[in-house]
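Novice: Sharing a structure with you now.
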Amino acid sequence: MMTYYDISMPLRCLVILGLFFLVCLGGYLTVTMWRRTKGTKRLLPLAASLLCAVPMVIYVAEARALLRSVPIPAASLWLCQKPLLWPVGLIAVVAACFACLILEERRYRSNTITRFSIKEGVDKISSGLCFYVEGGRLILCNSRMNALCHAIVGRDLQNAELFWQILSGGEVRPGVERLSFGSYPNFRLPDGTVWTFAREALEGFYQLTAANTTQQQALTDELRDKNLDLAALNLRLRKYGENVDELARAKERLETKVRIHGELGQALLAARRYLVDESAQEPPLDIWRRNIAMLRKEMEAKKAEDPLTILRKAAASAGVQLAIHGQLPEESEYRQFFLVAASEALTNAVFHAGARMLRIELTEDASQWTMRFTNDGTKPEKPITEGGGLGSMRRKAESIGASMIVDSTPEFALTITGRKE
């Protein structure tokens, strides 16, 4: 039967290494089982490791004697001459025993809450968690908190109190952006994630936590950007409001100028008729008093009076006959604009053409309306230049979306066209 001496030196080294591994494994199992078991069971791995240690020492003594060329000890010589099945069988039996103990230990740990299971569960939490006592000595710290400490400070977490002081206001690594100070420090790490830390004092120790607030910070940043956009929009709306107010004031000034122009034109027409027409009995003092009162801002606009009635009175005071064809629409804006346009046409017909008749044609269809003014006065000798009256009326027409055309050939004609809404 093959003995230990019959195998080569490398195989002898493998046998010694196998025995040495079983001795180390037996020591670990002895310490592990000593904590949770009672009785003789916890001595089993110790006895197995001692059983492996004895032949290991004998084989090592034999190899040492060969290397130094000294006599081999009697015990080594006796064991080395025994069949190889002895050490190989011992290794196999002890290895099987240790395998059973390891499986039992794994089943125990998987079904029992131990310190290792608590640490394993804490490490699986996505948030950072750390417990420590006064002075910073760690009681329990999961891997996430340790990784955050390394990312922010540049070293592993060893003193939790010092780490909290750095979080509260200390210097952090380059590339880490501090978003807030105080009781809830907030940091943006180089990978783009945002973490918020908090500390709470418990009975006899402190709890340090870290939560991933990347999504909340993104919403906060988005809300801040929207607030900035709203502030800019508010500023533009305020500017727009100021422009609208200025436009309204300008529109009011234009309407006032047009009304004053029309009123003064009627007064001048009445005065001209009184001076030229010998049949006139009384001077137009009422008209002039009304114009003076208007210039002093003491006259109120006669909004309730019909535009055609006002126009007929003005034409009668100027000695001009009206020839109106068509119907005036009922829209108040159209009727007020008609009065402005007709007053201007009447003034121009009397002063510039010496007319005795003013013809007005009013037409409309489903999409637009048209008013056309002509007179029987002197025909223009050259193109008409728009002055204050016609220019103001053109701006008034454009403000309501209408267009105005002034013709001088073959006769003077004022045409205004607007679209219906």
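The chains in the structure tokens are called A, B, ... from first to last as shown; in each chain the residues are counted from 1, and the ligands are counted from 1 in the order shown.
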If DSSP is run on the backbone, what residues of stretch 17-200 of chain A are strand (DSSP E or B)? A reply as a list in words would be ideal.

Specialist: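 Of stretch 17-200 of chain A, only Pro83, Gly128, Leu129, Cys130, Phe131, Tyr132, Leu138, Ile139, Leu140, Cys141, Glu177, Arg178, Leu179, Ser180, Asn186, Phe187, Arg188, Val194, Trp195, Thr196, Phe197, Ala198, Arg199 and Glu200 of chain A fall in strand (DSSP E or B).
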
Novice: Within 7 Å of stretch 346-355 of chain A, counting only C-alpha atoms, which residues qualify if same-chain residues fewer than 2 places away don't, as a PyMOL selection string?

Specialist: chain A and resi 265+342-344+357-358+375-379

Novice: Using only C-alpha atoms, which of A:Phe205, A:Tyr132, A:Trp78, A:Tyr28 sits nearest A:Tyr5?

Specialist: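 For A:Tyr5, the nearest of the given residues is A:Trp78.
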
Novice: Nearest to A:Ala397: which of A:Val122, A:Leu162, A:Met371, A:Met2 is it, counting only C-alpha atoms?

Specialist: A:Met371

Novice: Just the number, please: distance in Å from atom CA of A:Ile139 to atom CA of A:Tyr206, one decimal.

Specialist: 9.6 Å

Novice: So that I can check the surroundings of A:Leu208, please list as a list in words every protein, DNA and RNA residue that reaches within 10 Å of it, counting only C-alpha atoms and ignoring chain neighbours fewer than 4 positions away.

Specialist: Gly128, Leu129, Cys130, Phe131, Tyr132, Cys141, Met145, Ala160, Glu161, Phe163, Trp164, Phe197, Ala198, Arg199, Glu200 and Ala201 of chain A

Novice: Using N, CA, C and O atoms, can you write the selected residues to a file as a compact mmCIF listing (two decimals), in the first residue's frame?

Specialist:
# COMPACT_ATOMS: atom_id res chain seq x y z
N GLY A 128 -28.62 56.72 3.40
CA GLY A 128 -27.50 56.61 4.32
C GLY A 128 -27.99 56.59 5.76
O GLY A 128 -28.89 57.35 6.12
N LEU A 129 -27.39 55.73 6.61
CA LEU A 129 -27.80 55.61 7.99
C LEU A 129 -26.58 55.36 8.86
O LEU A 129 -25.73 54.53 8.52
N CYS A 130 -26.54 56.08 9.98
CA CYS A 130 -25.40 55.95 10.88
C CYS A 130 -25.86 56.25 12.30
O CYS A 130 -26.60 57.22 12.53
N PHE A 131 -25.41 55.41 13.26
CA PHE A 131 -25.66 55.63 14.68
C PHE A 131 -24.31 55.76 15.38
O PHE A 131 -23.39 54.96 15.13
N TYR A 132 -24.21 56.75 16.25
CA TYR A 132 -22.95 56.96 16.97
C TYR A 132 -23.25 57.56 18.33
O TYR A 132 -24.33 58.11 18.58
N CYS A 141 -23.09 51.73 10.98
CA CYS A 141 -23.03 52.60 9.79
C CYS A 141 -23.16 51.71 8.56
O CYS A 141 -22.46 50.70 8.43
N MET A 145 -23.82 55.36 3.70
CA MET A 145 -23.30 56.51 4.43
C MET A 145 -21.79 56.58 4.32
O MET A 145 -21.21 57.66 4.19
N ALA A 160 -18.11 60.16 13.31
CA ALA A 160 -19.37 60.70 12.80
C ALA A 160 -19.58 62.15 13.24
O ALA A 160 -20.18 62.94 12.51
N GLU A 161 -19.12 62.52 14.44
CA GLU A 161 -19.29 63.90 14.91
C GLU A 161 -18.49 64.87 14.04
O GLU A 161 -18.98 65.94 13.67
N PHE A 163 -17.66 64.32 10.95
CA PHE A 163 -18.34 64.32 9.64
C PHE A 163 -19.54 65.27 9.65
O PHE A 163 -19.77 66.00 8.69
N TRP A 164 -20.30 65.29 10.73
CA TRP A 164 -21.44 66.18 10.82
C TRP A 164 -21.00 67.65 10.86
O TRP A 164 -21.66 68.52 10.27
N PHE A 197 -28.88 65.74 4.35
CA PHE A 197 -28.49 65.09 5.60
C PHE A 197 -29.29 65.69 6.77
O PHE A 197 -29.69 66.86 6.73
N ALA A 198 -29.47 64.86 7.80
CA ALA A 198 -30.16 65.31 9.00
C ALA A 198 -29.62 64.52 10.19
O ALA A 198 -29.24 63.35 10.06
N ARG A 199 -29.61 65.17 11.36
CA ARG A 199 -29.15 64.52 12.58
C ARG A 199 -30.23 64.63 13.64
O ARG A 199 -30.86 65.69 13.79
N GLU A 200 -30.42 63.54 14.40
CA GLU A 200 -31.42 63.50 15.45
C GLU A 200 -30.82 62.89 16.70
O GLU A 200 -30.16 61.84 16.64
N ALA A 201 -31.04 63.53 17.82
CA ALA A 201 -30.54 63.04 19.11
C ALA A 201 -31.54 62.06 19.70
O ALA A 201 -32.70 62.40 19.90

Novice: Can you tell me which residues surround A:Glu364 at a distance of at most 10 Å, considering only C-alpha atoms, apart from same-chain residues fewer than 3 positions away, and format the answer as an mmCIF file with N, CA, C and O atoms, in the first residue's frame?

Specialist:
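Resulting contents of result.cif:
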data_model
loop_
_atom_site.group_PDB
_atom_site.id
_atom_site.type_symbol
_atom_site.label_atom_id
_atom_site.label_comp_id
_atom_site.auth_asym_id
_atom_site.auth_seq_id
_atom_site.Cartn_x
_atom_site.Cartn_y
_atom_site.Cartn_z
ATOM 1 N N GLY A 326 -79.002 105.833 -48.583
ATOM 2 C CA GLY A 326 -78.652 104.652 -47.796
ATOM 3 C C GLY A 326 -79.026 104.830 -46.335
ATOM 4 O O GLY A 326 -79.461 105.903 -45.897
ATOM 5 N N GLN A 327 -78.870 103.768 -45.594
ATOM 6 C CA GLN A 327 -79.231 103.770 -44.186
ATOM 7 C C GLN A 327 -77.960 103.694 -43.332
ATOM 8 O O GLN A 327 -77.000 102.994 -43.657
ATOM 9 N N LEU A 328 -78.024 104.418 -42.234
ATOM 10 C CA LEU A 328 -76.919 104.398 -41.282
ATOM 11 C C LEU A 328 -77.066 103.171 -40.375
ATOM 12 O O LEU A 328 -78.124 102.988 -39.762
ATOM 13 N N PRO A 329 -76.056 102.322 -40.278
ATOM 14 C CA PRO A 329 -76.176 101.125 -39.421
ATOM 15 C C PRO A 329 -76.407 101.497 -37.962
ATOM 16 O O PRO A 329 -76.198 102.645 -37.544
ATOM 17 N N SER A 367 -70.012 91.625 -45.698
ATOM 18 C CA SER A 367 -68.638 91.631 -45.222
ATOM 19 C C SER A 367 -68.080 93.012 -44.908
ATOM 20 O O SER A 367 -67.130 93.124 -44.130
ATOM 21 N N GLN A 368 -68.666 94.092 -45.498
ATOM 22 C CA GLN A 368 -68.073 95.397 -45.283
ATOM 23 C C GLN A 368 -69.126 96.498 -45.428
ATOM 24 O O GLN A 368 -70.229 96.271 -45.903
ATOM 25 N N TRP A 369 -68.732 97.694 -44.961
ATOM 26 C CA TRP A 369 -69.573 98.881 -45.107
ATOM 27 C C TRP A 369 -68.739 99.981 -45.758
ATOM 28 O O TRP A 369 -67.517 99.987 -45.650
ATOM 29 N N THR A 370 -69.423 100.893 -46.444
ATOM 30 C CA THR A 370 -68.731 101.978 -47.157
ATOM 31 C C THR A 370 -69.529 103.262 -46.996
ATOM 32 O O THR A 370 -70.769 103.263 -47.080
ATOM 33 N N MET A 371 -68.801 104.364 -46.771
ATOM 34 C CA MET A 371 -69.411 105.700 -46.787
ATOM 35 C C MET A 371 -68.585 106.578 -47.735
ATOM 36 O O MET A 371 -67.357 106.577 -47.679
ATOM 37 N N THR A 417 -63.921 102.707 -46.109
ATOM 38 C CA THR A 417 -64.424 101.344 -46.157
ATOM 39 C C THR A 417 -63.933 100.580 -44.933
ATOM 40 O O THR A 417 -62.737 100.649 -44.588
ATOM 41 N N GLY A 418 -64.847 99.864 -44.299
ATOM 42 C CA GLY A 418 -64.486 99.061 -43.128
ATOM 43 C C GLY A 418 -65.084 97.677 -43.212
ATOM 44 O O GLY A 418 -66.111 97.481 -43.855
ATOM 45 N N ARG A 419 -64.435 96.730 -42.567
ATOM 46 C CA ARG A 419 -64.915 95.344 -42.576
ATOM 47 C C ARG A 419 -65.782 95.081 -41.347
ATOM 48 O O ARG A 419 -65.521 95.592 -40.258
ATOM 49 N N LYS A 420 -66.799 94.242 -41.557
ATOM 50 C CA LYS A 420 -67.663 93.869 -40.437
ATOM 51 C C LYS A 420 -67.004 92.710 -39.680
ATOM 52 O O LYS A 420 -66.355 91.842 -40.271
#

Novice: Give me the residues within 10 Å of A:Gly175 as a list of chain:residue names, counting only C-alpha atoms and dropping any in the same chain fewer than 6 places off.

Specialist: A:Ala151, A:Ile152, A:Arg188, A:Leu189, A:Pro190, A:Asp191

Novice: Only N, CA and C atoms, please: the residues just picked out, written as a compact mmCIF listing (two decimals), in the first residue's frame.

Specialist:
# COMPACT_ATOMS: atom_id res chain seq x y z
N ALA A 151 -17.28 60.34 -0.70
CA ALA A 151 -17.50 61.22 -1.84
C ALA A 151 -17.44 62.69 -1.45
N ILE A 152 -17.88 63.05 -0.24
CA ILE A 152 -17.94 64.45 0.18
C ILE A 152 -16.65 64.90 0.86
N ARG A 188 -24.80 68.54 -3.86
CA ARG A 188 -24.90 67.93 -5.19
C ARG A 188 -23.55 67.30 -5.49
N LEU A 189 -23.54 65.98 -5.67
CA LEU A 189 -22.31 65.24 -5.89
C LEU A 189 -21.88 65.31 -7.36
N PRO A 190 -20.63 64.95 -7.65
CA PRO A 190 -20.17 65.01 -9.05
C PRO A 190 -20.99 64.16 -10.00
N ASP A 191 -21.64 63.08 -9.51
CA ASP A 191 -22.46 62.25 -10.41
C ASP A 191 -23.83 62.84 -10.66

Novice: When you count only C-alpha atoms, which of these residues is closest to A:Leu14: A:Ala75, A:Val406, A:Ile91, A:Leu66?

Specialist: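 Of the candidates, the smallest distance to A:Leu14 is held by A:Ile91.
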